[in-house]
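Only one structure is covered here, and it is reproduced in the block below.
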Amino acid sequence: MKILVLNAGSSSQKSCLYDIPGDSLPTEPLQPLWSAKVDWGHQQGIAEIEVTTATSESLETEISTDSRTEVIAHLFDCLCNGSTKVLDKLTEIDVVGHRVVHGGLEYRESVVIDDNVKRAIARLATLAPAHNPANLEGIEAIEQHLGKVPQIAVFDTAFHSQIPDAAAIYPGAYEWIEQGIRRYGFHGISHQYCAHRAADILGKDLASLRLISCHLGNGCSLAAIKNGHSVDTTMGFTPLDGLMMGSRSGTVDPGILIHLLREWDYSADKLDYVLNKASGLRGISGISNDMRQIRQAIAQGNTRAQLARDIYVHRLQSYIGAMLGSLGGLDVLVFTAGVGENAPEIRQAACAPWGFLGLELDLEKNQQNPLDTDIATIDSAVRVLVIHTQEDWQIAGESWRKLQKIGDG
Ligand code: ADP
């Protein structure tokens, strides 16, 4: 089965094509036959496009357009022609899987896209204004080019949809609940992939494990996972809640916001900018949102960079503690995404408080760029895994399963 995966963001877009042979889904993720990244973020009105294939062909182009439909037309040309050709014709694509950020309370699992689903994604744009409109644009652009090919929406919120009310509902006014102001959680596709991959690596049944998954990228969130479902998570109504991140503050005393509105004359837009773009590692260090640059600055004795990392670690440890409370114990701690996969010093610091649970990190393994590997000592009571998150593969898998279900009637 040939599955195209599209992750359409507001200023960037990732897509890839998997070919899944036979009639069962492999347990190990496959490499895509073909992938493409589009970036509109560097030059106004210019799409920078990079296409690569499994056979190491690559092509970099720029086209002058803001139109996703035009860019997708170009990508389809690269799929079927020239050095990056992997298909004879587009009708070979069996299904298209889309990452959709917000599924609200309606969508607790992936769904075949029809007009109702499109309307819901559009309606939920009020909850995810930076993401859902771009996701919908991607769906409509594919429709224009591929007609009636089945399209599947895989929601970032779905994995968290079984979080109990006590963990999901904010203790504000009761009408917030009626108006859908509650914890939805994000990064669900990544947390779900990591939970399943962790169980596979350990040769265990996921339902028997209590896991904490630490997705530490530019955005950061934790998920507490029990019986194969997320039962608590640090991101909330928006992806701003919880951990300190690259440029987002994470949780701050809401009284600070009232103070900024009243005493510093902040507008809603200014608050939005400061909390999302000028806080976190970037805000505190004054240097960068990137942990690699923070690390370099610390090595040169920069005290603001050191403070930024100290706060990041403190928050990470505290929220791991909060997730522990929701799980009542811990079998597996997973680190994933840019920082989680590549920063041994952050993993070591995150693990440090949990010696009393019997968690013991193998310091040597932790330093050796482990990927999809257990880095706890043999005697550790908690397994510690570093997992390369593969959200595209998770979306492909969900699309594959959904299409099988349609086939089964
Ligand atoms: P996103 O959340 O946008 O998908 P990633 O998961 O790719 O991003 O994470 C990007 C972040 O990962 C970078 O901003 C940087 O802070 C961090 N990162 C990437 N490589 C390293 C590394 N070798 N050491 C430390 N941090 C890294």
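Naming scheme: A, B, ... for chains in displayed order of the structure tokens; residues 1 onward per chain; ligands 1 onward as shown.
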
Could you make a table, as a tab-separated table, of the residues of chain A that have an atom within 12 Å of an atom of ligand 1, each with its nearest atom pair and distance in Å to one decimal, counting only C-alpha atoms and all ligand atoms, in chain and number order?
```
residue	atom	partner	partner_atom_place_in_ligand_line	distance
A:Asn7	CA	ligand 1	4 (O)	11.3
A:Gly9	CA	ligand 1	3 (O)	11.0
A:Ser12	CA	ligand 1	3 (O)	10.7
A:Gln13	CA	ligand 1	4 (O)	11.8
A:Lys14	CA	ligand 1	4 (O)	11.0
A:Phe186	CA	ligand 1	2 (O)	11.5
A:His187	CA	ligand 1	2 (O)	9.2
A:Ile189	CA	ligand 1	4 (O)	12.0
A:Ser190	CA	ligand 1	4 (O)	10.0
A:Cys214	CA	ligand 1	6 (O)	11.2
A:His215	CA	ligand 1	6 (O)	7.7
A:Leu216	CA	ligand 1	6 (O)	6.5
A:Gly217	CA	ligand 1	9 (O)	3.4
A:Asn218	CA	ligand 1	2 (O)	3.8
A:Gly219	CA	ligand 1	2 (O)	4.8
A:Cys220	CA	ligand 1	2 (O)	7.2
A:Ser221	CA	ligand 1	2 (O)	10.0
A:Pro239	CA	ligand 1	2 (O)	11.4
A:Met244	CA	ligand 1	16 (O)	12.0
A:Met245	CA	ligand 1	16 (O)	8.9
A:Gly246	CA	ligand 1	14 (O)	6.4
A:Ser247	CA	ligand 1	14 (O)	9.3
A:Arg248	CA	ligand 1	2 (O)	11.5
A:Gly280	CA	ligand 1	16 (O)	11.2
A:Leu281	CA	ligand 1	16 (O)	8.9
A:Arg282	CA	ligand 1	16 (O)	10.2
A:Ile287	CA	ligand 1	16 (O)	12.0
A:Ser288	CA	ligand 1	14 (O)	8.6
A:Asn289	CA	ligand 1	14 (O)	5.9
A:Asp290	CA	ligand 1	16 (O)	3.5
A:Met291	CA	ligand 1	16 (O)	3.8
A:Arg292	CA	ligand 1	25 (C)	4.5
A:Gln293	CA	ligand 1	16 (O)	7.9
A:Ile294	CA	ligand 1	16 (O)	8.4
A:Arg295	CA	ligand 1	25 (C)	7.6
A:Gln296	CA	ligand 1	25 (C)	10.0
A:Arg309	CA	ligand 1	16 (O)	11.2
A:Tyr312	CA	ligand 1	16 (O)	11.7
A:Phe335	CA	ligand 1	6 (O)	11.0
A:Thr336	CA	ligand 1	6 (O)	7.7
A:Ala337	CA	ligand 1	6 (O)	3.8
A:Gly338	CA	ligand 1	12 (O)	3.1
A:Val339	CA	ligand 1	26 (N)	4.2
A:Gly340	CA	ligand 1	26 (N)	7.6
A:Glu341	CA	ligand 1	21 (C)	7.6
A:Asn342	CA	ligand 1	22 (C)	4.4
A:Ala343	CA	ligand 1	25 (C)	4.5
A:Pro344	CA	ligand 1	24 (N)	8.1
A:Glu345	CA	ligand 1	25 (C)	9.0
A:Ile346	CA	ligand 1	25 (C)	8.6
A:Arg347	CA	ligand 1	25 (C)	10.6
A:Gln367	CA	ligand 1	24 (N)	11.6
A:Asn369	CA	ligand 1	23 (N)	9.3
A:Ile387	CA	ligand 1	6 (O)	11.6
A:His388	CA	ligand 1	6 (O)	9.4
A:Thr389	CA	ligand 1	6 (O)	8.3
A:Gln390	CA	ligand 1	6 (O)	10.3
A:Glu391	CA	ligand 1	4 (O)	9.8
A:Asp392	CA	ligand 1	4 (O)	11.7
```

- Query: Can you list every residue in range 169-360 of chain A that DSSP puts in strand (DSSP E), as a PyMOL selection string?
  - Reply: chain A and resi 210-216+220-226+229-233+332-336

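The protein and nucleic acid residues lying at most 9 Å from Ala376 in chain A are Leu359, Glu360, Leu361, Asp362, Leu363, Lys365, Asn366, Asp379, Ser380, Ala381, Val382, Arg383, Val384 and Leu385 of chain A, with only C-alpha atoms considered and sequence neighbours fewer than 3 positions away removed.
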
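Atom pair CA of Ser35 in chain A / CA of Gln404 in chain A: separated by 24.0 Å.
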
- Query: Do you know which residues are at most 12 Å from Gly82 in chain A counting only C-alpha atoms, after dropping those on the same chain fewer than 6 positions away, and could you put them as an MDAnalysis selection string?
  - Reply: chainID A and resid 51 53 57:59 74:76 88

What are the closest atom pairs, with distances in Å to one decimal, for all residues of range 230-325 of chain A lying within 8 Å of range 136-160 of chain A? Consider only C-alpha atoms, order rows by chain and residue number, and present the result as a Markdown table.
```
| residue | atom | partner | partner_atom | distance |
| --- | --- | --- | --- | --- |
| A:Ser230 | CA | A:His160 | CA | 5.1 |
| A:Val231 | CA | A:His160 | CA | 7.0 |
| A:Asp232 | CA | A:His160 | CA | 7.4 |
| A:Thr233 | CA | A:His160 | CA | 7.6 |
```

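We find CA of Ile225 in chain A and CA of Ile212 in chain A to be spaced 6.2 Å apart.
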
- Query: Near Leu79 in chain A, within 9 Å and counting only C-alpha atoms, which residues show up once chain neighbours fewer than 5 positions away are dropped, as a PyMOL selection string?
  - Reply: chain A and resi 34+74+84-90

How would the residues just picked look written out with N, CA and C atoms as a CSV table (one decimal), in the first residue's frame?
```csv
chain,number,residue,atom,x,y,z
A,34,TRP,N,10.3,8.4,-0.3
A,34,TRP,CA,10.4,9.8,-0.9
A,34,TRP,C,10.0,10.7,0.2
A,74,HIS,N,3.8,21.0,-7.6
A,74,HIS,CA,5.3,20.8,-7.9
A,74,HIS,C,5.8,19.5,-7.3
A,84,THR,N,13.9,12.4,-8.9
A,84,THR,CA,13.3,12.0,-7.6
A,84,THR,C,12.0,11.2,-7.9
A,85,LYS,N,11.9,10.7,-9.1
A,85,LYS,CA,10.7,9.9,-9.4
A,85,LYS,C,10.6,8.6,-8.7
A,86,VAL,N,9.5,8.3,-8.0
A,86,VAL,CA,9.3,7.0,-7.4
A,86,VAL,C,8.0,6.4,-7.8
A,87,LEU,N,7.2,7.1,-8.5
A,87,LEU,CA,5.9,6.6,-8.9
A,87,LEU,C,5.7,6.8,-10.5
A,88,ASP,N,5.0,5.9,-11.1
A,88,ASP,CA,4.7,6.1,-12.5
A,88,ASP,C,3.5,7.1,-12.7
A,89,LYS,N,2.5,6.9,-11.8
A,89,LYS,CA,1.4,7.8,-11.9
A,89,LYS,C,0.8,8.0,-10.4
A,90,LEU,N,0.2,9.2,-10.2
A,90,LEU,CA,-0.3,9.5,-8.9
A,90,LEU,C,-1.4,8.6,-8.4
```

- Task: Grab the CA of Ala173 in chain A to CA of Thr238 in chain A distance for me, in Å with one decimal place.
- Result: 17.7 Å

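In this comparison, which uses only C-alpha atoms, the residue of A:Gln394, A:Lys226, A:Leu403, A:Val274 approaching Ser326 in chain A most closely is A:Lys226.
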